[in-house]
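Colleague: Here you go, this is query-v3.cif (mmCIF, C-alpha atoms and all ligand atoms).
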```cif
data_protein
loop_
_atom_site.label_atom_id
_atom_site.label_comp_id
_atom_site.auth_asym_id
_atom_site.auth_seq_id
_atom_site.Cartn_x
_atom_site.Cartn_y
_atom_site.Cartn_z
CA MET A 762 95.20 117.80 108.86
CA ARG A 763 93.16 115.91 106.26
CA GLY A 764 90.47 113.45 107.21
CA ILE A 765 87.09 111.87 106.49
CA GLN A 766 84.74 113.77 108.73
CA ILE A 767 81.14 112.65 109.15
CA THR A 768 78.82 115.63 109.45
CA GLN A 769 75.78 113.59 108.44
CA TYR A 770 75.26 109.87 107.95
CA VAL A 771 75.79 108.51 104.45
CA LYS A 772 74.16 105.69 102.47
CA GLY A 773 77.50 104.15 101.50
CA PRO A 774 81.27 104.74 101.32
CA GLU A 775 81.07 106.37 97.85
CA GLU A 776 79.55 109.46 99.56
CA LEU A 777 82.52 109.96 101.89
CA LYS A 778 84.53 113.18 101.37
CA ILE A 779 88.08 114.06 102.40
CA SER A 780 88.42 117.55 103.87
CA ASN A 781 91.01 119.89 105.38
CA LEU A 782 90.40 120.06 109.12
CA PRO A 783 92.06 121.73 112.10
CA ASP A 784 94.89 119.62 113.59
CA PRO A 785 93.59 117.71 116.64
CA VAL A 786 94.93 118.83 120.02
CA PRO A 787 95.92 115.94 122.32
CA LYS A 788 94.88 115.97 126.00
CA PRO A 789 97.83 116.04 128.46
CA ASN A 790 97.63 112.22 128.76
CA GLU A 791 97.42 111.57 125.01
CA TYR A 792 99.83 111.04 122.13
CA LEU A 793 99.57 112.81 118.80
CA VAL A 794 100.40 110.37 115.99
CA ARG A 795 100.94 111.06 112.27
CA ILE A 796 99.18 108.28 110.32
CA HIS A 797 101.10 106.47 107.56
CA ALA A 798 98.62 103.66 106.86
CA THR A 799 95.00 103.08 107.87
CA ALA A 800 93.07 99.79 107.93
CA CYS A 801 89.44 99.24 106.95
CA ASN A 802 86.97 97.34 109.10
CA PHE A 803 83.44 96.17 108.44
CA PHE A 804 82.21 98.18 111.42
CA ASP A 805 83.41 101.40 109.69
CA LEU A 806 80.74 100.71 107.05
CA LEU A 807 78.08 100.40 109.74
CA GLN A 808 79.28 103.48 111.61
CA ILE A 809 79.22 105.83 108.60
CA ARG A 810 75.60 104.76 108.03
CA GLY A 811 74.72 105.38 111.69
CA ILE A 812 73.85 101.76 112.46
CA TYR A 813 76.82 100.65 114.59
CA GLN A 814 76.59 100.00 118.34
CA HIS A 815 79.04 102.87 118.98
CA GLN A 816 78.09 106.16 117.28
CA PRO A 817 80.05 109.29 118.31
CA LYS A 818 78.29 112.66 118.48
CA ILE A 819 78.37 114.34 115.05
CA PRO A 820 80.75 115.62 113.72
CA TRP A 821 83.33 112.81 114.04
CA ILE A 822 86.14 111.30 112.03
CA SER A 823 85.69 107.86 110.55
CA GLY A 824 88.12 104.92 110.72
CA SER A 825 90.00 103.28 113.57
CA GLU A 826 93.07 101.02 113.01
CA PHE A 827 96.25 102.73 111.83
CA SER A 828 100.03 102.83 112.01
CA GLY A 829 102.24 105.88 112.13
CA VAL A 830 104.85 107.97 113.93
CA VAL A 831 104.58 109.69 117.32
CA VAL A 832 104.55 113.49 116.84
CA ASN A 833 104.15 114.36 120.52
CA ALA A 834 104.23 112.21 123.67
CA PRO A 835 101.86 112.94 126.61
CA THR A 836 102.89 115.80 128.87
CA SER A 837 101.29 114.28 131.96
CA LEU A 838 100.41 110.66 132.75
CA PRO A 839 98.65 109.38 135.92
CA GLY A 840 101.03 108.91 138.87
CA GLY A 841 103.78 110.78 137.04
CA LYS A 842 104.37 107.72 134.80
CA LYS A 843 106.94 108.16 132.04
CA PRO A 844 105.48 107.82 128.52
CA LYS A 845 106.40 104.50 126.89
CA TYR A 846 106.91 106.04 123.43
CA LYS A 847 108.77 109.16 122.40
CA LYS A 848 108.60 111.54 119.46
CA GLY A 849 109.60 109.68 116.28
CA ASP A 850 108.68 106.17 117.52
CA ARG A 851 106.83 103.92 115.05
CA VAL A 852 103.55 102.68 116.50
CA PHE A 853 100.26 101.03 115.55
CA GLY A 854 96.92 101.16 117.29
CA ALA A 855 93.23 101.93 117.04
CA ALA A 856 90.98 104.79 118.13
CA GLN A 857 88.09 106.70 116.60
CA GLY A 858 89.42 108.73 113.66
CA GLY A 859 91.80 106.46 111.73
CA TYR A 860 90.85 107.91 108.31
CA ALA A 861 92.97 111.03 108.82
CA THR A 862 96.54 112.20 108.73
CA LEU A 863 96.74 112.84 112.50
CA ILE A 864 95.12 111.18 115.53
CA CYS A 865 95.11 111.68 119.33
CA ILE A 866 95.29 108.46 121.34
CA GLY A 867 95.94 107.02 124.82
CA GLU A 868 99.02 104.90 125.51
CA GLU A 869 96.98 101.72 126.20
CA ARG A 870 95.76 101.75 122.59
CA LEU A 871 99.25 101.85 121.05
CA ARG A 872 101.89 99.18 120.45
CA PRO A 873 105.39 99.41 118.93
CA ILE A 874 105.72 98.34 115.28
CA PRO A 875 107.71 95.08 115.34
CA ASP A 876 111.26 95.23 113.94
CA GLY A 877 111.27 94.54 110.23
CA TRP A 878 107.57 95.41 109.79
CA ASP A 879 106.53 98.41 107.71
CA PHE A 880 103.61 100.79 108.28
CA PHE A 881 101.49 98.95 105.69
CA ASP A 882 101.73 95.58 107.44
CA ALA A 883 101.38 96.93 110.98
CA ALA A 884 98.26 99.03 110.32
CA GLY A 885 95.89 96.05 110.45
CA LEU A 886 97.41 94.26 113.44
CA PHE A 887 95.70 95.87 116.42
CA VAL A 888 92.32 94.11 116.39
CA THR A 889 92.54 90.87 114.41
CA MET A 890 95.76 89.35 115.75
CA PRO A 891 94.89 89.59 119.49
CA THR A 892 91.32 88.43 118.78
CA SER A 893 92.60 85.24 117.19
CA TYR A 894 95.38 84.72 119.74
CA ALA A 895 93.07 85.22 122.74
CA GLY A 896 90.44 83.01 121.11
CA LEU A 897 92.69 80.09 120.28
CA VAL A 898 95.22 80.29 123.12
CA THR A 899 93.50 81.95 126.10
CA ARG A 900 89.99 80.64 125.54
CA ALA A 901 90.29 77.39 123.59
CA GLY A 902 93.61 76.16 125.04
CA ILE A 903 95.07 75.17 121.66
CA LYS A 904 97.85 72.57 121.79
CA SER A 905 100.17 70.81 119.40
CA GLY A 906 98.42 68.03 117.46
CA ASP A 907 94.96 69.65 117.58
CA TYR A 908 92.86 69.73 114.43
CA VAL A 909 91.55 73.29 114.10
CA LEU A 910 88.77 74.31 111.73
CA VAL A 911 89.04 78.02 110.85
CA HIS A 912 85.91 79.42 109.19
CA ALA A 913 86.21 82.34 106.74
CA ALA A 914 89.92 81.61 106.94
CA ALA A 915 90.87 84.24 104.34
CA GLY A 916 89.16 87.03 106.32
CA GLY A 917 90.96 89.39 108.69
CA VAL A 918 90.61 87.37 111.89
CA GLY A 919 90.69 84.14 109.85
CA LEU A 920 94.20 84.60 108.41
CA ALA A 921 95.45 85.58 111.86
CA ALA A 922 93.90 82.40 113.30
CA VAL A 923 95.44 80.20 110.60
CA GLN A 924 98.94 81.47 111.39
CA ILE A 925 98.54 81.26 115.18
CA ALA A 926 97.10 77.73 115.02
CA LYS A 927 100.01 76.60 112.82
CA ALA A 928 102.50 78.26 115.17
CA PHE A 929 101.07 76.16 118.03
CA GLY A 930 101.54 72.93 116.08
CA ALA A 931 97.94 72.37 114.99
CA THR A 932 96.67 70.95 111.71
CA VAL A 933 94.51 73.64 110.13
CA ILE A 934 91.44 73.07 107.99
CA ALA A 935 90.38 76.35 106.36
CA THR A 936 86.95 77.14 105.00
CA ALA A 937 86.11 79.98 102.61
CA GLY A 938 83.55 80.94 100.01
CA ASN A 939 85.68 80.59 96.87
CA LYS A 940 88.75 78.91 95.44
CA HIS A 941 90.95 82.02 95.46
CA LYS A 942 90.30 82.63 99.16
CA LEU A 943 91.10 78.97 99.93
CA GLU A 944 94.41 79.37 98.08
CA VAL A 945 95.13 82.52 100.11
CA ALA A 946 94.44 80.63 103.37
CA LYS A 947 96.83 77.87 102.26
CA SER A 948 99.50 80.44 101.40
CA PHE A 949 99.33 81.51 105.08
CA GLY A 950 99.82 77.92 106.26
CA ALA A 951 96.43 76.15 106.20
CA ASP A 952 96.91 72.41 105.57
CA TYR A 953 93.52 71.78 103.95
CA GLY A 954 90.84 73.92 102.33
CA VAL A 955 87.10 73.22 102.20
CA ASP A 956 84.59 75.38 100.31
CA TYR A 957 81.76 75.87 102.79
CA ARG A 958 79.30 76.61 100.01
CA ALA A 959 79.22 72.82 99.38
CA ASN A 960 76.27 71.08 101.06
CA ASP A 961 78.51 68.33 102.42
CA TRP A 962 81.26 70.56 103.86
CA THR A 963 80.94 69.06 107.35
CA ASP A 964 81.47 65.56 105.91
CA GLN A 965 84.51 66.83 104.00
CA VAL A 966 85.96 68.26 107.22
CA LYS A 967 85.38 65.03 109.18
CA ALA A 968 86.97 62.98 106.40
CA ILE A 969 90.21 64.95 106.83
CA THR A 970 90.52 64.13 110.56
CA PRO A 971 91.93 60.80 111.89
CA ASN A 972 89.23 58.09 111.87
CA LYS A 973 86.74 60.84 110.92
CA ARG A 974 86.71 61.85 114.60
CA GLY A 975 86.16 65.54 113.85
CA VAL A 976 88.11 68.68 114.78
CA ASP A 977 89.23 69.67 118.27
CA ILE A 978 88.60 73.41 117.84
CA VAL A 979 86.20 75.35 115.63
CA TYR A 980 87.13 79.04 115.17
CA ASP A 981 83.92 80.72 113.99
CA PRO A 982 83.69 84.40 112.93
CA VAL A 983 80.72 83.67 110.63
CA GLY A 984 77.88 82.09 112.65
CA LEU A 985 78.36 78.40 111.86
CA ILE A 986 78.41 76.91 115.35
CA SER A 987 75.29 74.82 114.87
CA GLN A 988 76.46 73.25 111.59
CA SER A 989 79.98 72.78 112.95
CA MET A 990 78.54 70.54 115.69
CA LYS A 991 78.40 67.89 112.97
CA CYS A 992 82.18 67.84 112.56
CA ILE A 993 83.52 68.45 116.08
CA ALA A 994 85.35 65.79 118.09
CA TRP A 995 84.55 64.55 121.62
CA ASN A 996 85.81 67.19 124.12
CA GLY A 997 85.98 69.79 121.30
CA ARG A 998 85.78 73.57 121.77
CA LEU A 999 83.59 75.79 119.59
CA LEU A 1000 84.80 79.38 119.62
CA VAL A 1001 82.18 82.07 118.99
CA ILE A 1002 84.10 84.94 117.39
CA GLY A 1003 81.56 86.76 115.23
CA PHE A 1004 78.52 86.75 112.98
CA ALA A 1005 79.81 87.89 109.59
CA GLY A 1006 77.06 85.80 107.97
CA GLY A 1007 74.54 88.18 109.53
CA GLU A 1008 72.43 85.61 111.44
CA LEU A 1009 72.42 84.90 115.17
CA GLU A 1010 72.09 81.14 115.63
CA LYS A 1011 69.73 79.19 117.85
CA MET A 1012 70.82 75.71 118.86
CA GLY A 1013 69.55 72.80 120.94
CA THR A 1014 71.82 72.66 124.01
CA ASN A 1015 71.39 68.87 124.14
CA ARG A 1016 73.94 68.69 121.32
CA ILE A 1017 76.55 70.35 123.55
CA LEU A 1018 75.95 67.64 126.16
CA LEU A 1019 75.82 64.69 123.75
CA LYS A 1020 79.13 65.55 122.12
CA ASN A 1021 80.77 66.56 125.43
CA VAL A 1022 81.91 69.87 123.91
CA SER A 1023 82.34 73.46 125.12
CA VAL A 1024 80.97 76.53 123.38
CA VAL A 1025 83.30 79.40 124.29
CA GLY A 1026 82.83 83.10 123.59
CA LEU A 1027 85.49 85.77 123.10
CA HIS A 1028 84.89 89.51 123.41
CA TRP A 1029 88.35 90.95 122.88
CA GLY A 1030 87.33 94.60 123.19
CA ALA A 1031 85.94 94.01 126.68
CA TYR A 1032 89.24 92.69 128.09
CA SER A 1033 90.31 96.30 128.72
CA ILE A 1034 87.42 96.57 131.21
CA HIS A 1035 87.44 93.12 132.80
CA GLU A 1036 90.94 91.66 132.43
CA PRO A 1037 93.55 94.24 131.34
CA GLU A 1038 96.40 92.02 132.57
CA THR A 1039 95.47 89.39 129.96
CA ILE A 1040 95.89 91.99 127.19
CA GLU A 1041 99.60 92.21 128.04
CA GLU A 1042 99.94 88.38 128.07
CA VAL A 1043 98.28 88.15 124.67
CA TRP A 1044 100.51 90.83 123.11
CA ASP A 1045 103.61 89.23 124.66
CA GLY A 1046 102.60 85.97 122.99
CA ILE A 1047 102.01 87.70 119.66
CA PHE A 1048 105.32 89.57 119.71
CA LYS A 1049 107.09 86.28 120.53
CA LEU A 1050 105.56 84.64 117.45
CA VAL A 1051 106.46 87.71 115.37
CA ALA A 1052 110.08 87.53 116.58
CA GLU A 1053 110.17 83.82 115.68
CA GLY A 1054 108.95 84.71 112.18
CA LYS A 1055 105.73 82.70 112.65
CA ILE A 1056 103.34 85.57 111.94
CA ARG A 1057 103.31 87.97 109.00
CA GLY A 1058 101.01 90.79 107.95
CA THR A 1059 97.81 89.63 106.27
CA ASN A 1060 97.18 92.58 103.97
CA PHE A 1061 95.07 92.31 100.82
CA THR A 1062 97.45 92.88 97.91
CA ASP A 1063 95.30 92.07 94.84
CA GLU A 1064 94.71 95.84 94.55
CA GLU A 1065 96.65 98.75 96.03
CA PHE A 1066 94.92 101.65 97.79
CA VAL A 1067 97.05 104.79 98.18
CA GLY A 1068 95.80 108.07 99.68
CA LEU A 1069 92.77 108.86 101.86
CA GLU A 1070 90.85 109.48 98.60
CA ARG A 1071 90.97 105.69 98.10
CA VAL A 1072 89.30 104.85 101.43
CA PRO A 1073 85.79 104.83 99.85
CA ALA A 1074 86.92 102.33 97.18
CA ALA A 1075 88.69 100.19 99.77
CA LEU A 1076 85.60 100.14 102.01
CA LYS A 1077 83.37 99.34 99.04
CA ALA A 1078 85.55 96.35 98.07
CA LEU A 1079 85.52 95.13 101.68
CA GLY A 1080 81.74 95.46 101.91
CA GLU A 1081 81.27 93.49 98.69
CA ARG A 1082 83.25 90.54 100.15
CA GLY A 1083 85.72 90.86 97.29
CA THR A 1084 88.82 91.21 99.46
CA TRP A 1085 90.82 88.94 101.76
CA GLY A 1086 92.90 89.58 104.88
CA LYS A 1087 93.14 93.19 106.01
CA VAL A 1088 92.37 95.98 103.57
CA VAL A 1089 94.90 98.73 104.27
CA VAL A 1090 95.15 102.16 102.67
CA LYS A 1091 98.59 103.80 102.53
CA VAL A 1092 98.60 107.45 103.61
CA PRO A 1093 101.43 109.24 101.78
CA GLN A 1094 103.06 112.03 103.76
CA GLU A 1095 102.43 115.61 102.69
CA GLY A 1096 105.04 116.73 100.22
CA ALA A 1097 106.08 113.14 99.48
CA SER A 1098 105.41 111.29 96.22
CA LYS A 1099 102.39 108.94 96.23
CA ILE A 1100 104.43 106.19 94.63
N1 LIG B 1201 84.88 88.49 119.15
C1 LIG B 1201 85.67 89.53 119.00
O1 LIG B 1201 86.22 90.07 119.94
C2 LIG B 1201 85.89 90.02 117.59
C3 LIG B 1201 87.01 90.82 117.27
C4 LIG B 1201 87.21 91.20 115.93
C5 LIG B 1201 86.27 90.82 114.95
N2 LIG B 1201 85.19 90.08 115.33
C6 LIG B 1201 84.17 89.68 114.33
O2 LIG B 1201 84.69 88.69 113.48
C7 LIG B 1201 83.99 88.74 112.24
C8 LIG B 1201 84.99 88.72 111.11
O3 LIG B 1201 85.80 89.88 111.19
P1 LIG B 1201 86.93 90.13 110.10
O4 LIG B 1201 87.63 91.37 110.49
O5 LIG B 1201 87.68 88.90 109.87
O6 LIG B 1201 86.00 90.44 108.82
P2 LIG B 1201 86.34 90.23 107.28
O7 LIG B 1201 87.79 90.41 107.05
O8 LIG B 1201 85.36 91.08 106.56
O9 LIG B 1201 86.04 88.69 107.02
C9 LIG B 1201 84.77 88.15 107.19
C10 LIG B 1201 84.63 86.91 106.34
O10 LIG B 1201 83.38 86.32 106.60
C11 LIG B 1201 82.95 85.61 105.48
N3 LIG B 1201 81.51 85.78 105.32
C12 LIG B 1201 80.61 84.79 105.40
N4 LIG B 1201 79.38 85.27 105.21
C13 LIG B 1201 79.50 86.59 104.97
C14 LIG B 1201 78.57 87.62 104.68
N5 LIG B 1201 77.25 87.37 104.59
N6 LIG B 1201 79.05 88.87 104.49
C15 LIG B 1201 80.35 89.13 104.59
N7 LIG B 1201 81.29 88.19 104.86
C16 LIG B 1201 80.86 86.93 105.06
C17 LIG B 1201 83.74 86.12 104.26
O11 LIG B 1201 84.54 85.06 103.79
P3 LIG B 1201 84.05 84.16 102.56
O12 LIG B 1201 83.77 85.11 101.41
O13 LIG B 1201 85.20 83.27 102.33
O14 LIG B 1201 82.82 83.45 103.02
C18 LIG B 1201 84.68 87.18 104.85
O15 LIG B 1201 85.99 87.03 104.38
C19 LIG B 1201 83.13 89.99 112.28
O16 LIG B 1201 81.80 89.62 112.56
C20 LIG B 1201 83.72 90.79 113.42
O17 LIG B 1201 82.76 91.62 114.04
C21 LIG B 1201 84.99 89.68 116.61
#
```
Write out the structure in this file as structure tokens.
Ligand SMILES: NC(=O)c1ccc[n+]([C@@H]2O[C@H](COP(=O)([O-])OP(=O)(O)OC[C@H]3O[C@@H](n4cnc5c(N)ncnc54)[C@H](OP(=O)(O)O)[C@@H]3O)[C@@H](O)[C@H]2O)c1
Modeller:
Amino acid sequence: MRGIQITQYVKGPEELKISNLPDPVPKPNEYLVRIHATACNFFDLLQIRGIYQHQPKIPWISGSEFSGVVVNAPTSLPGGKKPKYKKGDRVFGAAQGGYATLICIGEERLRPIPDGWDFFDAAGLFVTMPTSYAGLVTRAGIKSGDYVLVHAAAGGVGLAAVQIAKAFGATVIATAGNKHKLEVAKSFGADYGVDYRANDWTDQVKAITPNKRGVDIVYDPVGLISQSMKCIAWNGRLLVIGFAGGELEKMGTNRILLKNVSVVGLHWGAYSIHEPETIEEVWDGIFKLVAEGKIRGTNFTDEEFVGLERVPAALKALGERGTWGKVVVKVPQEGASKI
């Protein structure tokens, strides 16, 4: 197979090299999947530099989220279980080694590509969509009529959150760092856009809500919980999703009491350890919205990335904050045209 193997840490994505490698051999309980599209994540940039919380033993293959076709199903599953997918099925998922043409993976980390979706759209679904669904639905109890503030709304989890909040009948106020990204968020359904580089962005958000009461839910992948306290309504929920801004906040807890609000965390990756049954509920909810046509792929389309050789450029663009949605690289099949 071909893949981006890390034999030593690099300073940046421009140093990544694509090499010919032996085909991976799945364990008896694993699938072998041929990758057709692979999605970039910010944590890939940290991992290739050796500064991510999860660093495999060198050598390892970079990347994680992908979509593709099952080459081989497991030969033996616990309790004699029948494999859910068979050779030829179209799947998406995530495991270490997404920047490659083949990957070995367990069944729990695969899902079927929804009808009508292509490899390109499905490649970036596995992490962002359930994060936003579990955050808004499972943790924040979103309901019709809520005002929901989605920070960094044109980012990967942001565009997923915008669509899910709209599907549940909420009014969505999107924030982003430039005009183009605000337009993108609106094209995915956001009702209002506020540039959070403005000093008075919290006032602008309040002014949009009825009687300036503030929003019911704040969806925060950036690290803006403290500032968002200024524009949350009585009984509101502040969802801690991430810290893309790079700072961990400190906040006086008296403000939580005074405004009668809840600060709620979401650690999607840890549901597989603590609450696997909820993972199924979340995916059932997502596939229902997909079937109803309420969710579409959020891929960055301002520039096209085709071939594993383009992964470094795709990662560089992501790291420079120049992209929106999910940055996905198409992986043409050997012998097929790249166009
Ligand atoms: N809790 C969970 O289980 C979970 C699951 C998945 C992801 N996450 C976290 O959620 C966060 C967002 O993930 P994502 O996949 O949506 O990332 P992304 O696509 O890269 O989007 C992040 C957005 O954050 C904004 N941002 C603000 N300050 C930034 C800065 N200093 N550097 C870079 N971006 C900045 C950017 O929007 P503007 O340019 O418009 O400001 C950017 O679009 C990450 O921290 C990730 O780790 C958490």
Colleague: Step by step, measure atom-to-atom distances between ligand LIG 1201 (chain B) and each residue using all atoms listed in the file, keep those at most 6 Å, then write them as an NGL selection string.
Modeller: :A and (803 or 888-889 or 892 or 913 or 915-919 or 937-938 or 982-983 or 1002-1007 or 1027-1030 or 1082 or 1085-1086)
Colleague: Tell me which protein, DNA and RNA residues are within 6 Å of segment 948-958 of chain A, counting all atoms listed in the file, leaving out same-chain ones fewer than 2 positions away, and put them as a list in words.
Modeller: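 Listing them by chain and then by number gives Val933, Ile934, Ala935, Thr936, Ala937, Gly938, Leu943, Val945, Ala946 and Trp962 of chain A.
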Colleague: For each of A:Met762, A:Leu793, A:Ile986, A:Ala926, take the minimum atom-to-atom distance to Arg1016 of chain A, counting only C-alpha atoms, then give the residue where this is smallest.
Modeller: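 Answer, going by the shortest atom-to-atom distance: A:Ile986.
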Colleague: In Å, rounded to a single decimal, give me how far atom CA of Ser780 of chain A is from atom CA of Leu807 of chain A.
Modeller: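 Separation of atom CA of Leu807 of chain A and atom CA of Ser780 of chain A: 20.9 Å.
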Colleague: Between atom CA of Gly824 of chain A and atom CA of Pro789 of chain A, what is the spacing in Å?
Modeller: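 According to the coordinates, atom CA of Pro789 of chain A and atom CA of Gly824 of chain A are separated by 23.1 Å.
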Colleague: Could you jot down the atom CA of Lys845 of chain A to atom CA of Leu1050 of chain A separation for me, Å, one decimal place?
Modeller: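 Answer for the atom CA of Lys845 of chain A to atom CA of Leu1050 of chain A separation: 22.0 Å.
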Colleague: Hey, which of A:Gln769, A:Asn790, A:Thr799, A:Thr836 ends up closest to Pro817 of chain A? Count all atoms listed in the file.
Modeller: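 Going through A:Gln769, A:Asn790, A:Thr799, A:Thr836 one by one, the smallest distance to Pro817 of chain A is for A:Gln769.
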Colleague: Choose the residue, out of A:Gln808, A:Gln965, A:Ser987, A:Thr899, that has the smallest atom-to-atom separation from Glu1042 of chain A; count all atoms listed in the file.
Modeller: A:Thr899
